[in-house]
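Asks: To be precise about what I am sending: the file is called data.txt and holds compact mmCIF, C-alpha atoms and all ligand atoms.
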```txt
# COMPACT_ATOMS: atom_id res chain seq x y z
CA MET A 1 -128.96 45.97 -28.52
CA ARG A 2 -131.97 48.08 -29.56
CA LEU A 3 -135.07 46.39 -30.99
CA GLY A 4 -138.13 48.06 -32.47
CA LEU A 5 -141.59 46.80 -31.49
CA VAL A 6 -144.36 47.06 -34.06
CA THR A 7 -147.62 47.49 -32.15
CA GLY A 8 -150.33 49.93 -31.31
CA ASN A 9 -150.61 48.44 -27.80
CA ARG A 10 -148.49 50.21 -25.17
CA HIS A 11 -149.10 47.40 -22.64
CA LYS A 12 -147.19 45.01 -24.88
CA LEU A 13 -144.25 47.46 -24.89
CA GLU A 14 -144.32 47.69 -21.09
CA GLU A 15 -144.50 43.91 -20.53
CA LEU A 16 -141.89 43.01 -23.16
CA SER A 17 -139.46 45.79 -22.15
CA LEU A 18 -139.36 44.54 -18.56
CA VAL A 19 -138.39 41.03 -19.67
CA LEU A 20 -135.96 41.98 -22.41
CA ARG A 21 -133.97 44.52 -20.38
CA ASP A 22 -132.64 41.56 -18.34
CA TYR A 23 -131.03 40.41 -21.59
CA GLY A 24 -129.52 43.81 -22.37
CA VAL A 25 -132.18 44.64 -24.96
CA GLU A 26 -133.69 48.11 -25.13
CA LEU A 27 -137.12 47.96 -26.73
CA TYR A 28 -138.75 50.96 -28.36
CA MET A 29 -142.04 51.52 -30.16
CA LEU A 30 -141.53 51.63 -33.93
CA GLY A 31 -143.92 54.19 -35.34
CA ILE A 32 -145.19 52.10 -38.23
CA GLN A 33 -148.49 50.33 -38.65
CA LYS A 34 -148.73 46.60 -37.92
CA ILE A 35 -150.29 44.97 -40.96
CA GLU A 36 -152.19 41.80 -40.05
CA VAL A 37 -152.92 39.17 -42.70
CA GLN A 38 -155.94 36.86 -42.21
CA SER A 39 -154.77 33.53 -40.83
CA GLU A 40 -155.68 31.06 -38.11
CA SER A 41 -152.02 30.89 -37.12
CA LEU A 42 -150.60 33.52 -34.77
CA GLU A 43 -147.13 32.61 -36.07
CA VAL A 44 -148.10 33.37 -39.68
CA ILE A 45 -149.73 36.67 -38.66
CA ALA A 46 -146.69 37.72 -36.57
CA LEU A 47 -144.11 36.71 -39.17
CA GLU A 48 -145.90 38.39 -42.08
CA ALA A 49 -146.37 41.58 -40.05
CA ALA A 50 -142.67 41.53 -39.10
CA ARG A 51 -141.57 41.05 -42.72
CA ARG A 52 -143.76 43.88 -43.96
CA ALA A 53 -142.55 46.17 -41.19
CA TYR A 54 -138.91 45.27 -41.89
CA SER A 55 -139.27 46.05 -45.56
CA LYS A 56 -140.26 49.59 -44.55
CA ALA A 57 -138.16 50.26 -41.45
CA ARG A 58 -134.99 48.24 -42.20
CA VAL A 59 -134.06 48.00 -38.51
CA PRO A 60 -134.06 44.96 -36.16
CA LEU A 61 -137.60 44.51 -34.90
CA ILE A 62 -140.17 42.23 -33.30
CA VAL A 63 -143.92 41.69 -33.60
CA ASP A 64 -146.13 40.04 -30.96
CA ASP A 65 -149.36 38.45 -32.06
CA SER A 66 -151.43 36.90 -29.34
CA GLY A 67 -154.85 35.57 -28.47
CA LEU A 68 -157.09 33.84 -25.96
CA PHE A 69 -158.15 30.28 -26.82
CA ILE A 70 -161.18 29.08 -24.82
CA GLU A 71 -161.65 25.29 -24.69
CA ALA A 72 -165.47 25.22 -24.38
CA LEU A 73 -165.74 27.53 -27.42
CA GLY A 74 -163.53 25.35 -29.64
CA GLY A 75 -160.59 27.74 -29.30
CA PHE A 76 -162.57 30.93 -30.02
CA PRO A 77 -161.65 33.81 -30.10
CA GLY A 78 -158.03 32.70 -30.78
CA PRO A 79 -156.61 34.70 -33.70
CA TYR A 80 -159.76 36.87 -33.67
CA SER A 81 -159.19 38.04 -30.08
CA SER A 82 -158.53 41.67 -30.90
CA TYR A 83 -161.74 41.98 -32.95
CA THR A 84 -163.75 40.02 -30.37
CA TYR A 85 -162.49 42.26 -27.58
CA LYS A 86 -163.47 45.37 -29.54
CA THR A 87 -166.94 44.02 -30.38
CA ILE A 88 -168.46 41.78 -27.68
CA GLY A 89 -165.70 42.44 -25.11
CA VAL A 90 -165.15 40.79 -21.76
CA GLU A 91 -168.89 40.77 -20.96
CA GLY A 92 -169.64 39.05 -24.27
CA ILE A 93 -167.21 36.24 -23.50
CA LEU A 94 -168.75 35.79 -20.04
CA ARG A 95 -172.21 35.58 -21.63
CA LEU A 96 -171.01 32.92 -24.10
CA LEU A 97 -169.63 30.86 -21.22
CA HIS A 98 -172.65 31.32 -18.96
CA GLY A 99 -173.68 27.97 -17.46
CA LEU A 100 -170.80 26.05 -19.05
CA PRO A 101 -168.78 24.11 -16.45
CA ASN A 102 -165.56 24.02 -18.51
CA ARG A 103 -163.83 27.41 -17.95
CA ARG A 104 -160.40 26.32 -19.18
CA ALA A 105 -158.53 28.66 -21.54
CA CYS A 106 -155.01 29.45 -22.72
CA PHE A 107 -153.41 32.66 -23.91
CA HIS A 108 -150.93 32.10 -26.74
CA ALA A 109 -148.25 34.50 -27.95
CA ALA A 110 -146.16 34.33 -31.10
CA ILE A 111 -143.20 36.67 -31.30
CA ALA A 112 -141.58 37.11 -34.71
CA ALA A 113 -138.11 38.64 -34.65
CA ILE A 114 -136.20 39.98 -37.63
CA VAL A 115 -132.65 40.57 -36.52
CA PRO A 116 -130.50 40.44 -39.63
CA PRO A 117 -129.39 38.03 -40.89
CA TYR A 118 -131.91 36.03 -38.82
CA GLU A 119 -135.66 35.58 -38.90
CA LYS A 120 -137.01 33.73 -35.84
CA LEU A 121 -140.33 32.75 -34.26
CA PHE A 122 -141.00 32.10 -30.58
CA HIS A 123 -144.25 30.69 -29.27
CA ALA A 124 -145.49 30.23 -25.70
CA ARG A 125 -148.73 29.84 -23.81
CA SER A 126 -150.22 30.45 -20.39
CA CYS A 127 -153.15 28.26 -19.39
CA GLY A 128 -155.75 28.82 -16.71
CA PHE A 129 -159.41 29.61 -16.23
CA ILE A 130 -162.02 32.19 -17.17
CA THR A 131 -163.55 33.74 -14.05
CA GLU A 132 -167.30 34.14 -13.43
CA SER A 133 -166.95 37.95 -13.38
CA PRO A 134 -164.23 40.55 -14.16
CA ARG A 135 -161.71 41.36 -11.39
CA GLY A 136 -158.93 43.96 -11.28
CA THR A 137 -158.02 47.12 -13.12
CA GLY A 138 -154.48 46.43 -14.40
CA GLY A 139 -153.33 45.11 -17.76
CA PHE A 140 -155.46 45.10 -20.89
CA GLY A 141 -157.85 43.05 -23.02
CA PHE A 142 -159.09 39.87 -21.32
CA ASP A 143 -156.81 40.25 -18.27
CA PRO A 144 -159.76 40.88 -15.84
CA ILE A 145 -161.31 37.46 -16.59
CA PHE A 146 -158.23 35.21 -16.74
CA THR A 147 -156.53 33.45 -13.83
CA PRO A 148 -153.33 31.54 -14.69
CA GLU A 149 -153.25 28.00 -13.26
CA GLU A 150 -149.74 28.56 -11.87
CA GLY A 151 -150.89 31.61 -9.90
CA ASP A 152 -152.74 32.17 -6.62
CA GLY A 153 -156.23 32.68 -8.04
CA ARG A 154 -155.85 36.36 -8.88
CA THR A 155 -156.55 37.49 -12.42
CA PHE A 156 -153.83 39.05 -14.60
CA ALA A 157 -155.62 42.38 -14.05
CA GLU A 158 -155.11 42.03 -10.28
CA MET A 159 -151.33 41.62 -10.70
CA SER A 160 -148.48 44.06 -11.23
CA VAL A 161 -146.71 43.86 -14.59
CA GLU A 162 -143.84 42.02 -12.88
CA GLU A 163 -146.24 39.40 -11.47
CA LYS A 164 -148.09 38.95 -14.75
CA ASN A 165 -144.69 38.45 -16.42
CA ARG A 166 -144.01 35.47 -14.15
CA TYR A 167 -146.83 33.53 -15.81
CA SER A 168 -147.81 35.17 -19.08
CA HIS A 169 -147.59 33.74 -22.57
CA ARG A 170 -145.90 36.96 -23.76
CA ALA A 171 -143.20 36.99 -21.08
CA LYS A 172 -142.42 33.30 -21.65
CA ALA A 173 -141.99 33.87 -25.40
CA ALA A 174 -139.93 37.00 -24.67
CA ARG A 175 -137.58 35.02 -22.38
CA MET A 176 -137.04 32.53 -25.22
CA LEU A 177 -136.23 35.46 -27.51
CA GLY A 178 -133.86 36.90 -24.89
CA GLU A 179 -132.03 33.57 -24.47
CA TRP A 180 -131.68 33.23 -28.23
CA LEU A 181 -130.33 36.77 -28.61
CA ARG A 182 -127.88 36.24 -25.77
CA GLU A 183 -126.66 32.96 -27.29
CA THR A 184 -126.49 34.26 -30.85
CA PHE A 185 -124.81 37.60 -30.19
CA LYS A 186 -122.79 36.61 -27.11
CA ARG A 187 -119.44 37.70 -28.45
CA GLY A 188 -120.64 41.28 -28.56
CA VAL A 189 -121.26 41.00 -32.27
CA GLY A 190 -124.28 43.16 -33.05
CA PRO A 191 -126.86 42.21 -35.66
CA SER A 192 -125.82 43.02 -39.21
CA LYS A 193 -127.56 46.07 -40.64
CA HIS A 194 -129.28 44.42 -43.57
CA LEU A 195 -130.81 41.06 -44.42
P1 LIG A 201 -151.23 45.10 -31.87
O1 LIG A 201 -151.90 44.22 -32.91
O2 LIG A 201 -151.18 46.53 -32.27
O3 LIG A 201 -149.91 44.56 -31.41
P2 LIG A 201 -153.45 44.17 -30.22
O4 LIG A 201 -153.83 44.43 -28.79
O5 LIG A 201 -154.52 44.35 -31.26
O6 LIG A 201 -152.17 45.09 -30.55
P3 LIG A 201 -153.21 41.43 -31.12
O7 LIG A 201 -153.57 41.76 -32.53
O8 LIG A 201 -152.07 40.50 -30.89
O9 LIG A 201 -152.83 42.75 -30.31
O10 LIG A 201 -154.52 40.94 -30.42
C1 LIG A 201 -154.47 40.24 -29.28
C2 LIG A 201 -155.76 40.41 -28.51
O11 LIG A 201 -155.82 39.29 -27.63
C3 LIG A 201 -155.74 41.66 -27.65
O12 LIG A 201 -156.45 42.73 -28.23
C4 LIG A 201 -156.40 41.19 -26.36
O13 LIG A 201 -157.78 41.34 -26.47
C5 LIG A 201 -156.05 39.71 -26.33
N1 LIG A 201 -154.81 39.49 -25.55
C6 LIG A 201 -153.60 39.08 -26.01
N2 LIG A 201 -152.70 39.04 -25.03
C7 LIG A 201 -153.34 39.44 -23.92
C8 LIG A 201 -152.96 39.63 -22.59
O14 LIG A 201 -151.70 39.46 -22.19
N3 LIG A 201 -153.87 40.04 -21.73
C9 LIG A 201 -155.16 40.25 -22.10
N4 LIG A 201 -155.61 40.13 -23.34
C10 LIG A 201 -154.70 39.71 -24.25
```
What does this structure look like when you write it as structure tokens?
Ligand code: ITT
Replies:
Amino acid sequence: MRLGLVTGNRHKLEELSLVLRDYGVELYMLGIQKIEVQSESLEVIALEAARRAYSKARVPLIVDDSGLFIEALGGFPGPYSSYTYKTIGVEGILRLLHGLPNRRACFHAAIAAIVPPYEKLFHARSCGFITESPRGTGGFGFDPIFTPEEGDGRTFAEMSVEEKNRYSHRAKAARMLGEWLRETFKRGVGPSKHL
């Protein structure tokens, strides 16, 4: 099965492709703009973006909306992670947390899939800690300052894509999507062309 991904972030394509190929899914970048509505819910943002993209592209597709929720900051930046990254960045987050003992945070990912005749949402999280300083050069966004609690103390940016996929919010949600696709289309019946 081929699925389009609506994103401007090539790292998402790389991470999701690696997971989904184990389920026989070939992911490709759909060349249309992801339209993001204002909402505090990643699920609402992902689903609305997927619906708008589907109404233009009319092919099976997915949208990933994700964010970093920091406990000591009341969940900030959460759904505003992309804007926060572009404005105050990694250093800005470290400044906000300076001197605060609670470094706990979770990445959340919502994946909305429109695979006619179905519309589905998958949500997963990866919890861990914000480091005192950035470490590593891999990945994207807040990867250099996040260590997953299930890991060995390295940040996501110090891991290969395969390693990050063992723990990440995105890979967990993608595995749920893969299982659902496998279960739903197991008799080799492809998705119907239209909703
Ligand atoms: P698209 O909207 O085009 O898909 P984006 O990067 O802007 O790409 P989001 O709107 O979902 O994606 O914003 C999520 C932000 O949260 C992203 O810019 C990062 O700053 C952060 N983020 C989400 N997942 C992350 C991850 O796995 N590693 C590091 N930062 C992440």
Asks: Can you tell me which residues sit at most 9 Å away from ligand LIG 201 (chain A), counting only C-alpha atoms and all ligand atoms, written as a PyMOL selection string?
Replies: chain A and resi 5-12+15+33-36+42+45-46+63-68+77-86+89-90+107-110+139-146+156-157+164+168-171
Asks: Fewer than 5 positions away in the same chain doesn't count, so skip those; otherwise give me all residues within 12 Å of A:Tyr167, counting all atoms listed in the file, as a list in words.
Replies: Glu15, Val19, Cys106, Phe107, His108, Ala124, Arg125, Ser126, Cys127, Gly128, Phe146, Thr147, Pro148, Glu149, Glu150, Gly151, Asp152, Arg154, Thr155, Phe156, Met159, Ser160, Val161, Glu162, Lys172, Ala173, Ala174 and Arg175 of chain A
Asks: How far is it from atom CA of A:Glu91 to atom CA of A:Ser39, in Å with one decimal?
Replies: 25.4 Å
Asks: List the spatial neighbours of A:Glu179 as a PyMOL selection string - criterion: any atom at most 12 Å away, all atoms listed in the file, same-chain residues fewer than 3 positions off excluded.
Replies: chain A and resi 19-25+122+172-176+182-186
Asks: Quick one: distance from atom CA of A:Ser17 to atom CA of A:Val37 in Å, one decimal?
Replies: 25.4 Å
Asks: Using all atoms listed in the file for the distances, tell me which of A:Tyr54, A:Pro60, A:Ala112, A:Arg104 is nearest to A:Arg2.
Replies: A:Pro60
Asks: Between atom CA of A:Ala113 and atom CA of A:Asn165, what is the distance, to one decimal in Å?
Replies: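 Result for atom CA of A:Ala113 versus atom CA of A:Asn165: 19.4 Å, one decimal.
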